[in-house]
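Data from data.txt: compact mmCIF, C-alpha atoms
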```
# COMPACT_ATOMS: atom_id res chain seq x y z
CA MET A 1 -8.51 -1.15 1.07
CA THR A 2 -6.52 -2.70 3.89
CA ARG A 3 -5.03 -0.16 6.30
CA THR A 4 -2.63 -0.27 9.21
CA ALA A 5 -2.72 1.91 12.29
CA ALA A 6 0.62 3.48 11.40
CA ALA A 7 0.04 4.44 7.79
CA GLU A 8 -2.41 4.27 4.95
CA THR A 9 -1.67 1.32 2.71
CA VAL A 10 -3.00 -0.06 -0.55
CA TYR A 11 -3.00 -3.85 -0.65
CA LEU A 12 -2.66 -5.12 -4.21
CA ASP A 13 -1.14 -8.52 -3.50
CA TRP A 14 -4.33 -10.58 -3.17
CA SER A 15 -2.94 -13.35 -5.37
CA ALA A 16 -0.20 -13.97 -2.82
CA THR A 17 -2.63 -14.14 0.08
CA ALA A 18 -6.03 -12.57 0.58
CA PRO A 19 -7.07 -10.79 3.78
CA LEU A 20 -9.09 -13.03 6.09
CA ARG A 21 -12.81 -12.75 5.43
CA PRO A 22 -15.01 -11.86 8.44
CA GLU A 23 -16.94 -15.10 7.97
CA ALA A 24 -13.71 -17.06 8.22
CA ALA A 25 -12.58 -15.18 11.31
CA GLN A 26 -15.90 -15.88 13.02
CA ALA A 27 -15.70 -19.59 12.22
CA TRP A 28 -12.12 -19.75 13.45
CA GLN A 29 -12.94 -18.00 16.71
CA ARG A 30 -15.86 -20.33 17.32
CA TRP A 31 -13.87 -23.55 16.97
CA ALA A 32 -10.27 -22.61 17.82
CA THR A 33 -10.72 -23.45 21.51
CA HIS A 34 -12.70 -26.65 20.98
CA VAL A 35 -10.65 -29.55 22.32
CA GLY A 36 -12.29 -32.51 20.61
CA ASN A 37 -10.23 -34.63 18.20
CA PRO A 38 -12.45 -35.67 15.27
CA SER A 39 -10.89 -39.14 15.30
CA GLY A 40 -12.19 -39.82 18.82
CA SER A 41 -15.50 -41.25 19.98
CA HIS A 42 -16.65 -39.08 22.90
CA ARG A 43 -19.06 -36.17 22.60
CA ASP A 44 -16.45 -33.45 22.05
CA ALA A 45 -14.79 -35.58 19.37
CA ARG A 46 -18.13 -36.15 17.65
CA THR A 47 -18.75 -32.40 17.65
CA ALA A 48 -15.38 -31.80 15.99
CA ARG A 49 -16.17 -34.49 13.44
CA ARG A 50 -19.49 -32.84 12.60
CA VAL A 51 -17.68 -29.54 11.99
CA LEU A 52 -15.25 -31.36 9.70
CA ASP A 53 -18.06 -33.16 7.89
CA ASP A 54 -19.98 -29.91 7.37
CA ALA A 55 -16.89 -28.30 5.87
CA ARG A 56 -16.36 -31.34 3.66
CA ASP A 57 -19.95 -31.06 2.42
CA THR A 58 -19.43 -27.37 1.66
CA PHE A 59 -16.32 -27.96 -0.42
CA ALA A 60 -17.92 -30.93 -2.18
CA GLU A 61 -20.78 -28.72 -3.34
CA LEU A 62 -18.52 -25.86 -4.41
CA LEU A 63 -16.00 -28.10 -6.19
CA GLY A 64 -18.51 -30.43 -7.80
CA CYS A 65 -17.58 -33.73 -6.17
CA ASP A 66 -18.75 -36.21 -3.56
CA PRO A 67 -17.86 -35.37 0.07
CA GLY A 68 -15.70 -38.50 0.22
CA ALA A 69 -13.52 -37.07 -2.56
CA VAL A 70 -12.46 -34.07 -0.45
CA VAL A 71 -9.03 -34.44 1.17
CA PHE A 72 -7.94 -31.71 3.57
CA THR A 73 -4.23 -30.81 3.54
CA SER A 74 -1.92 -28.21 5.05
CA GLY A 75 -2.21 -26.01 1.95
CA GLY A 76 -2.07 -25.87 -1.81
CA THR A 77 1.57 -26.94 -1.97
CA GLU A 78 0.93 -30.17 -0.08
CA ALA A 79 -2.19 -30.84 -2.16
CA ASP A 80 -0.24 -30.35 -5.41
CA ASP A 81 2.59 -32.54 -4.19
CA LEU A 82 0.15 -35.26 -3.17
CA ALA A 83 -1.52 -35.07 -6.56
CA VAL A 84 1.71 -35.47 -8.52
CA GLN A 85 3.84 -37.70 -6.34
CA GLY A 86 0.93 -39.63 -4.83
CA VAL A 87 -0.15 -40.74 -8.31
CA LEU A 88 3.43 -41.57 -9.32
CA ASP A 89 3.97 -43.60 -6.15
CA ALA A 90 0.84 -45.62 -6.91
CA ALA A 91 1.69 -46.08 -10.60
CA ALA A 92 3.72 -48.77 -12.32
CA PRO A 93 7.51 -48.39 -12.30
CA GLY A 94 8.79 -46.12 -15.04
CA ALA A 95 5.67 -43.95 -15.19
CA PHE A 96 6.19 -40.21 -15.13
CA ALA A 97 4.42 -36.87 -14.97
CA VAL A 98 3.81 -34.09 -17.50
CA CYS A 99 3.00 -30.44 -16.85
CA SER A 100 3.37 -27.07 -18.53
CA ALA A 101 6.48 -24.93 -18.24
CA VAL A 102 4.52 -22.23 -16.34
CA GLU A 103 3.14 -24.31 -13.49
CA HIS A 104 3.47 -23.19 -9.90
CA HIS A 105 6.62 -24.62 -8.32
CA ALA A 106 4.41 -26.81 -6.12
CA VAL A 107 3.69 -28.81 -9.29
CA LEU A 108 6.73 -28.05 -11.43
CA ASP A 109 9.34 -29.07 -8.88
CA PRO A 110 7.84 -32.51 -8.07
CA VAL A 111 7.38 -33.21 -11.78
CA LEU A 112 11.00 -32.39 -12.55
CA ALA A 113 12.30 -34.13 -9.42
CA ARG A 114 10.64 -37.35 -10.61
CA GLY A 115 12.07 -37.14 -14.11
CA GLY A 116 8.95 -35.75 -15.75
CA MET A 117 8.66 -33.44 -18.72
CA THR A 118 7.26 -29.97 -19.37
CA VAL A 119 5.23 -28.70 -22.31
CA PRO A 120 6.04 -25.27 -23.79
CA VAL A 121 3.58 -22.37 -23.83
CA ASP A 122 2.86 -19.57 -26.26
CA ARG A 123 3.71 -15.88 -25.77
CA ASP A 124 0.70 -15.46 -23.44
CA GLY A 125 1.71 -18.44 -21.34
CA VAL A 126 -1.08 -20.65 -22.69
CA VAL A 127 -0.72 -24.35 -23.42
CA ARG A 128 -2.19 -24.97 -26.86
CA PRO A 129 -4.02 -28.29 -27.29
CA ASP A 130 -1.98 -29.25 -30.35
CA VAL A 131 1.26 -28.58 -28.46
CA LEU A 132 0.10 -30.71 -25.53
CA ALA A 133 -0.88 -33.48 -27.96
CA GLU A 134 2.59 -33.44 -29.49
CA GLY A 135 4.17 -33.46 -26.04
CA LEU A 136 2.11 -36.45 -24.97
CA ARG A 137 3.00 -38.34 -28.13
CA SER A 138 6.68 -37.73 -27.39
CA ALA A 139 6.21 -38.72 -23.77
CA ALA A 140 4.51 -41.98 -24.69
CA ALA A 141 7.64 -43.04 -26.52
CA ALA A 142 9.62 -42.73 -23.28
CA GLY A 143 7.18 -44.57 -21.03
CA PRO A 144 3.67 -44.48 -19.56
CA VAL A 145 2.33 -41.08 -18.51
CA ALA A 146 0.78 -41.42 -15.05
CA VAL A 147 -0.35 -37.86 -14.40
CA VAL A 148 -0.76 -34.64 -16.38
CA SER A 149 -1.07 -31.43 -14.36
CA ILE A 150 -2.79 -28.34 -15.76
CA LEU A 151 -2.86 -24.89 -14.17
CA ALA A 152 -6.37 -23.46 -14.49
CA VAL A 153 -5.24 -19.85 -13.94
CA ASN A 154 -1.63 -18.75 -13.80
CA ASN A 155 -0.81 -17.35 -10.38
CA GLU A 156 1.55 -14.72 -11.79
CA THR A 157 -0.13 -13.44 -14.94
CA GLY A 158 -3.76 -14.38 -14.35
CA VAL A 159 -4.07 -15.99 -17.80
CA ARG A 160 -6.62 -18.79 -18.13
CA GLN A 161 -5.78 -22.17 -19.59
CA PRO A 162 -8.31 -23.94 -21.86
CA VAL A 163 -8.80 -26.64 -19.24
CA GLU A 164 -11.61 -28.58 -20.90
CA ASP A 165 -9.81 -28.72 -24.25
CA LEU A 166 -6.57 -29.81 -22.60
CA VAL A 167 -8.30 -32.54 -20.59
CA ALA A 168 -9.84 -33.83 -23.83
CA VAL A 169 -6.36 -34.00 -25.37
CA VAL A 170 -5.07 -36.03 -22.42
CA ARG A 171 -8.00 -38.44 -22.68
CA GLU A 172 -7.18 -39.01 -26.34
CA HIS A 173 -3.39 -39.21 -26.28
CA ALA A 174 -2.71 -40.52 -22.76
CA PRO A 175 -5.93 -42.32 -21.81
CA GLY A 176 -4.33 -44.02 -18.82
CA ALA A 177 -3.16 -40.76 -17.25
CA VAL A 178 -4.73 -39.04 -14.29
CA VAL A 179 -5.51 -35.34 -14.91
CA HIS A 180 -4.77 -32.89 -12.10
CA VAL A 181 -5.93 -29.27 -12.25
CA ASP A 182 -4.29 -26.71 -9.97
CA ALA A 183 -7.19 -24.31 -9.39
CA VAL A 184 -5.56 -22.37 -6.54
CA ALA A 185 -5.54 -19.08 -8.48
CA ALA A 186 -8.93 -19.76 -10.06
CA PHE A 187 -11.40 -20.15 -7.20
CA CYS A 188 -12.03 -16.44 -6.63
CA TRP A 189 -12.80 -15.81 -10.28
CA THR A 190 -14.30 -18.94 -11.82
CA ASP A 191 -16.81 -21.67 -11.09
CA VAL A 192 -14.22 -24.34 -10.39
CA ALA A 193 -16.85 -27.08 -10.22
CA ARG A 194 -17.76 -26.43 -13.85
CA THR A 195 -14.24 -25.68 -15.10
CA THR A 196 -12.72 -28.84 -13.62
CA ALA A 197 -15.66 -31.23 -14.01
CA SER A 198 -13.68 -33.51 -16.30
CA ALA A 199 -10.53 -33.59 -14.13
CA ASP A 200 -9.58 -36.40 -11.75
CA LEU A 201 -7.76 -34.29 -9.16
CA VAL A 202 -8.32 -30.63 -8.23
CA THR A 203 -6.40 -28.38 -5.83
CA VAL A 204 -7.54 -25.22 -4.02
CA SER A 205 -5.94 -23.27 -1.16
CA ALA A 206 -7.88 -21.38 1.51
CA HIS A 207 -5.72 -18.32 1.95
CA LYS A 208 -6.18 -17.35 -1.69
CA PHE A 209 -9.90 -16.69 -1.17
CA GLY A 210 -9.98 -15.24 2.32
CA GLY A 211 -9.54 -18.34 4.43
CA PRO A 212 -6.66 -18.97 6.83
CA GLN A 213 -3.17 -19.91 5.74
CA GLY A 214 -2.34 -23.57 6.20
CA VAL A 215 -5.49 -25.19 4.78
CA GLY A 216 -5.74 -26.79 1.35
CA VAL A 217 -8.10 -29.15 -0.43
CA LEU A 218 -7.40 -31.90 -2.94
CA VAL A 219 -10.35 -33.43 -4.74
CA VAL A 220 -9.68 -37.10 -5.46
CA ARG A 221 -12.41 -38.56 -7.64
CA ASP A 222 -13.42 -42.21 -7.59
CA GLY A 223 -11.08 -44.57 -9.37
CA VAL A 224 -7.90 -42.53 -8.87
CA ARG A 225 -5.08 -44.57 -7.38
CA LEU A 226 -3.21 -42.33 -4.94
CA ALA A 227 -0.53 -43.27 -2.43
CA ALA A 228 -0.41 -41.23 0.77
CA ARG A 229 2.62 -38.98 1.20
CA LEU A 230 1.99 -38.53 4.94
CA VAL A 231 1.50 -41.85 6.70
CA GLY A 232 0.89 -42.74 10.33
CA GLY A 233 -2.90 -42.59 10.56
CA THR A 234 -6.12 -43.37 8.74
CA GLN A 235 -7.41 -39.79 8.48
CA GLU A 236 -8.83 -38.60 5.15
CA ARG A 237 -9.63 -42.19 4.19
CA GLY A 238 -5.97 -43.11 4.47
CA ARG A 239 -4.88 -40.56 1.89
CA ARG A 240 -3.35 -38.06 4.31
CA ALA A 241 -2.44 -38.92 7.90
CA GLY A 242 -2.55 -36.41 10.74
CA THR A 243 -5.07 -34.72 13.01
CA PRO A 244 -6.98 -32.22 10.88
CA ASN A 245 -7.00 -28.50 11.62
CA VAL A 246 -10.69 -28.33 12.52
CA ALA A 247 -10.89 -24.59 13.19
CA GLY A 248 -8.88 -23.76 10.10
CA ILE A 249 -10.96 -26.04 7.90
CA ALA A 250 -14.21 -24.59 9.25
CA ALA A 251 -12.88 -21.10 8.52
CA ALA A 252 -11.82 -22.17 5.02
CA ALA A 253 -15.30 -23.49 4.28
CA ALA A 254 -16.87 -20.25 5.50
CA ALA A 255 -14.55 -18.22 3.27
CA ALA A 256 -15.25 -20.47 0.28
CA SER A 257 -19.00 -20.09 0.72
CA ALA A 258 -18.75 -16.31 0.99
CA THR A 259 -16.49 -16.14 -2.07
CA ALA A 260 -18.84 -18.24 -4.18
CA ALA A 261 -21.88 -16.26 -3.06
CA ASP A 262 -20.55 -12.90 -4.25
CA ARG A 263 -18.30 -14.13 -7.06
CA THR A 264 -20.39 -12.81 -9.95
CA ASP A 265 -20.67 -9.30 -8.53
CA THR A 266 -17.03 -9.26 -7.45
CA VAL A 267 -15.76 -10.30 -10.87
CA ALA A 268 -17.75 -7.57 -12.62
CA ARG A 269 -16.65 -4.85 -10.18
CA VAL A 270 -12.99 -5.89 -9.94
CA GLU A 271 -12.66 -6.19 -13.71
CA GLY A 272 -13.58 -2.52 -14.00
CA LEU A 273 -11.10 -1.60 -11.29
CA ARG A 274 -8.34 -3.62 -12.95
CA ASP A 275 -8.97 -1.84 -16.24
CA ARG A 276 -8.83 1.51 -14.44
CA LEU A 277 -5.55 0.52 -12.81
CA ALA A 278 -4.19 -0.74 -16.13
CA ALA A 279 -5.01 2.52 -17.89
CA GLY A 280 -3.04 4.50 -15.33
CA VAL A 281 -0.09 2.13 -15.06
CA LEU A 282 0.29 1.66 -18.82
CA ALA A 283 0.23 5.42 -19.35
CA VAL A 284 3.66 5.57 -17.72
CA PRO A 285 6.30 5.54 -20.50
CA GLY A 286 8.07 2.24 -20.98
CA VAL A 287 5.42 0.12 -19.23
CA VAL A 288 4.00 -2.70 -21.35
CA PRO A 289 1.40 -5.38 -20.63
CA THR A 290 2.86 -8.85 -20.32
CA LEU A 291 -0.19 -10.48 -21.89
CA GLY A 292 -1.49 -9.75 -25.37
CA PRO A 293 -4.84 -8.02 -25.93
CA THR A 294 -6.68 -11.24 -26.79
CA ALA A 295 -5.41 -13.32 -23.87
CA GLU A 296 -8.15 -14.59 -21.59
CA ARG A 297 -7.38 -13.50 -18.05
CA VAL A 298 -9.13 -13.34 -14.71
CA ALA A 299 -10.41 -10.07 -13.35
CA GLY A 300 -8.05 -9.75 -10.41
CA THR A 301 -4.60 -9.66 -12.01
CA LEU A 302 -2.64 -7.00 -13.86
CA HIS A 303 0.83 -8.11 -14.92
CA VAL A 304 3.18 -5.63 -16.60
CA CYS A 305 6.85 -5.22 -17.41
CA VAL A 306 8.67 -1.93 -16.88
CA ARG A 307 11.39 -1.26 -19.42
CA GLY A 308 14.76 -0.23 -17.99
CA VAL A 309 13.75 -0.85 -14.37
CA ASP A 310 14.43 -3.77 -12.02
CA SER A 311 11.41 -5.04 -10.14
CA GLU A 312 13.25 -5.36 -6.83
CA PRO A 313 13.96 -1.63 -6.24
CA LEU A 314 10.60 -0.79 -7.78
CA LEU A 315 8.83 -2.97 -5.24
CA PHE A 316 10.85 -1.35 -2.47
CA LEU A 317 9.72 2.14 -3.52
CA LEU A 318 6.12 0.97 -3.90
CA ASP A 319 6.26 -0.47 -0.41
CA GLU A 320 7.74 2.76 0.92
CA GLY A 321 4.79 4.55 -0.65
CA GLY A 322 2.31 2.21 0.99
CA VAL A 323 1.50 0.05 -2.05
CA ARG A 324 1.83 -3.70 -1.59
CA ALA A 325 2.47 -5.59 -4.83
CA SER A 326 4.73 -8.38 -6.05
CA ALA A 327 6.97 -9.28 -8.95
CA GLY A 328 7.41 -12.03 -11.48
CA SER A 329 10.68 -12.84 -9.74
CA SER A 330 11.67 -14.26 -6.39
CA CYS A 331 14.59 -13.92 -4.02
CA GLN A 332 16.08 -17.11 -2.67
CA SER A 333 19.17 -17.20 -0.49
CA GLY A 334 19.87 -13.61 -1.47
CA ALA A 335 20.06 -14.39 -5.20
CA ARG A 336 17.54 -12.56 -7.40
CA ARG A 337 15.95 -14.84 -9.96
CA ARG A 338 13.71 -13.94 -12.87
CA SER A 339 10.34 -15.67 -13.00
CA HIS A 340 10.29 -19.02 -14.80
CA VAL A 341 6.83 -18.04 -16.06
CA VAL A 342 8.10 -14.91 -17.79
CA ASP A 343 11.03 -16.86 -19.21
CA ALA A 344 8.80 -19.64 -20.53
CA MET A 345 6.61 -17.04 -22.25
CA GLY A 346 9.61 -15.79 -24.18
CA VAL A 347 9.63 -12.30 -22.71
CA ASP A 348 12.85 -10.46 -23.52
CA PRO A 349 15.15 -10.85 -20.49
CA ASP A 350 15.86 -7.11 -20.24
CA LEU A 351 12.14 -6.43 -20.17
CA GLY A 352 11.35 -9.36 -17.90
CA ARG A 353 13.59 -8.08 -15.12
CA GLY A 354 11.00 -5.34 -14.62
CA ALA A 355 8.05 -7.73 -14.23
CA LEU A 356 5.41 -6.58 -11.76
CA ARG A 357 2.08 -8.04 -10.61
CA PHE A 358 -0.77 -6.05 -9.14
CA SER A 359 -3.52 -8.34 -7.86
CA LEU A 360 -6.93 -7.17 -6.71
CA GLY A 361 -9.71 -8.69 -4.63
CA HIS A 362 -13.21 -8.17 -3.36
CA GLY A 363 -12.04 -5.45 -0.96
CA THR A 364 -10.17 -3.36 -3.54
CA THR A 365 -11.51 0.17 -4.12
CA THR A 366 -11.26 2.89 -6.73
CA ALA A 367 -9.14 4.90 -4.31
CA ASP A 368 -6.72 1.97 -4.03
CA CYS A 369 -6.19 1.89 -7.78
CA ASP A 370 -5.76 5.65 -8.12
CA ARG A 371 -3.28 5.81 -5.26
CA ALA A 372 -1.33 2.85 -6.69
CA VAL A 373 -0.99 4.61 -10.05
CA GLU A 374 0.28 7.76 -8.34
CA VAL A 375 2.89 5.91 -6.28
CA PHE A 376 3.90 3.68 -9.20
CA ALA A 377 4.49 6.58 -11.59
CA ALA A 378 6.58 8.43 -9.02
CA ALA A 379 8.62 5.31 -8.24
CA VAL A 380 9.40 4.63 -11.90
CA ASP A 381 10.43 8.26 -12.44
CA ARG A 382 12.69 8.15 -9.41
CA LEU A 383 14.43 4.95 -10.55
CA ARG A 384 14.99 6.31 -14.02
CA GLU A 385 16.50 9.47 -12.61
CA VAL A 386 19.20 7.50 -10.82
CA ALA A 387 19.68 4.82 -13.49
CA PRO A 388 23.09 4.81 -15.19
```
Give the structure from the file, written as structure tokens.
Amino acid sequence: MTRTAAAETVYLDWSATAPLRPEAAQAWQRWATHVGNPSGSHRDARTARRVLDDARDTFAELLGCDPGAVVFTSGGTEADDLAVQGVLDAAAPGAFAVCSAVEHHAVLDPVLARGGMTVPVDRDGVVRPDVLAEGLRSAAAAGPVAVVSILAVNNETGVRQPVEDLVAVVREHAPGAVVHVDAVAAFCWTDVARTTASADLVTVSAHKFGGPQGVGVLVVRDGVRLAARLVGGTQERGRRAGTPNVAGIAAAAAAASATAADRTDTVARVEGLRDRLAAGVLAVPGVVPTLGPTAERVAGTLHVCVRGVDSEPLLFLLDEGGVRASAGSSCQSGARRRSHVVDAMGVDPDLGRGALRFSLGHGTTTADCDRAVEVFAAAVDRLREVAP
């Protein structure tokens, strides 16, 4: 449990950003004051380049690719944007992108901005292979499909997509398309190297697994034509210009190694904690699970909807009680918007306005879950007392 000096808090927003792992902090502290630019030729520059190369080797092993396929970016959003728009920029005129309706906005927005199309999902937010096949057949009638993006694990609900089956569908119905897998929400809970072995492009983001914010990775396998979005230098084999964040990348690699090393034990322990949390939260009247009982989900996410309650005031009361969580909605320019994921799943709008995500991590404890249930139940009761 993460605590502040002022008050005891329960951090259940690991899917938004995970606390920095000690291994990452140590790596950052070691290299943050090093002045060498890895693009230079003197001794300090060569030292920085070795740090970068070591990190590249680490990610290559963990993501199942050659070191030369690893492209460091400023985060998952840039990596996703490069995957979608970089492929489109390198493709023939008229080519477009396809993704599911529940993708992270880092994928969804570029796809839509470039005139692409989305594929619907079922009630659990899963893309069914036959639905993707039909979507690709329809897309082929409009023009060549250059890239298909698949979300390995949904960042809001934690549901898994059948990545291997979906990649097989793309190979059959759009054989010329590049397949991108957004694995940002998957790395903590799955062996991404195995899950994405058949994909052409793969994205991960350091701050989701205990690395620093501002570091992402895009795997670009051999044969993928990708135009750089950031130009002005030859870094990352010409695929992403700019001086790399050496200390941040070293810290990200340290966090990734630590995450992979204890993944099996963490998944087993956190799954039990999530089930304990779910039992308490769902015992509150009017609280329903967003996913069905047979949906495949990762261990660290519990997504529910609270009937008759808005998530915004609920989150405020949870925060006042020391529980950090998030909702399936976002506030932008002061306007509250319901989650596009919940909408795409067909959740009743009145129920969806009470969407809430608790997300756990390797540092979550039994006490965290029990305290969260206590604060949650009291907050729901309080809101219902004042509801019209």
Please return, as a count of residues only, all polymer residues that have at least one atom within 9 Å of the point (-9.7, -18.1, -5.8); use only C-alpha atoms and the file's own coordinate frame.
19
Long-range neighbours of Val288 in chain A as number ranges by chain, 12 Å cut-off, all atoms listed in the file, 4 positions minimum in chain:
A: 278-284, 292-293, 302-308, 347-348, 351-352, 354-356
List as JSON, numbers by chain the protein and nucleic acid residues near Asp54 in chain A, meaning an atom at most 12 Å away when all atoms listed in the file are counted, but skip any in the same chain fewer than 4 places from it.
{"A": [47, 48, 49, 50, 58, 59, 60, 61, 67, 68, 70, 246, 249, 250, 251, 252, 253, 254, 257]}
May I ask which of the residues A:Gly248, A:Val224, A:Glu312, A:Gly361 is the closest one to Gly211 in chain A, counting all atoms listed in the file?
A:Gly248
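With distances restricted to all atoms listed in the file, A:Leu63 is the closest residue to Ser198 in chain A from A:Leu63, A:Arg123, A:Pro110, A:Asp262.
Straight-line separation from CA of Thr196 in chain A to CA of Val181 in chain A: 6.9 Å.
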So which residues fall inside 10 Å of (-8.5, -3.4, -2.2) if we count all atoms listed in the file? Mind giving them as a list in words?
Met1, Thr2, Arg3, Thr9, Val10, Tyr11, Leu12, Asp13, Trp14, Ala18, Pro19, Val270, Leu273, Ser359, Leu360, Gly361, His362, Gly363, Thr364, Thr365, Thr366, Ala367, Asp368 and Cys369 of chain A
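The interatomic distance for the pair CA of Glu320 in chain A and CA of Arg337 in chain A works out to 22.3 Å.
For Phe376 in chain A, the list of residues within 9 Å, based on all atoms listed in the file and with local chain neighbours fewer than 5 positions off taken out, reads Val281, Val284, Leu314, Leu317, Leu318, Gly321, Val323, Arg371 and Asp381 of chain A.
Here CA of Pro22 in chain A stands at a distance of 24.5 Å from CA of Val71 in chain A.
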Which is closer to Asp124 in chain A than all the others in A:Asp89, A:Glu374, A:Asp343, A:Asp57, using only C-alpha atoms?
A:Asp343
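In this comparison, which uses all atoms listed in the file, the residue of A:Val215, A:Ala133, A:Ala268, A:Ala379 approaching Asn245 in chain A most closely is A:Val215.
When only C-alpha atoms are used to compute distances to Leu315 in chain A, the closest of the residues A:Ala260, A:Met345, A:Val170, A:Val380 turns out to be A:Val380.
Between Ala152 in chain A and the residues A:Ala55, A:Ala327, A:Ala193, A:Ala25, the shortest atom-to-atom distance, using all atoms listed in the file, involves A:Ala193.
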Where's the centre, and what are the edge lengths in Å to one decimal, of a box along x, y and z enclosing all listed atoms of range 185-193 of chain A padded 6 Å per side, as JSON?
```
{"center_x": -11.2, "center_y": -21.4, "center_z": -9.2, "size_x": 23.3, "size_y": 23.3, "size_z": 17.2}
```
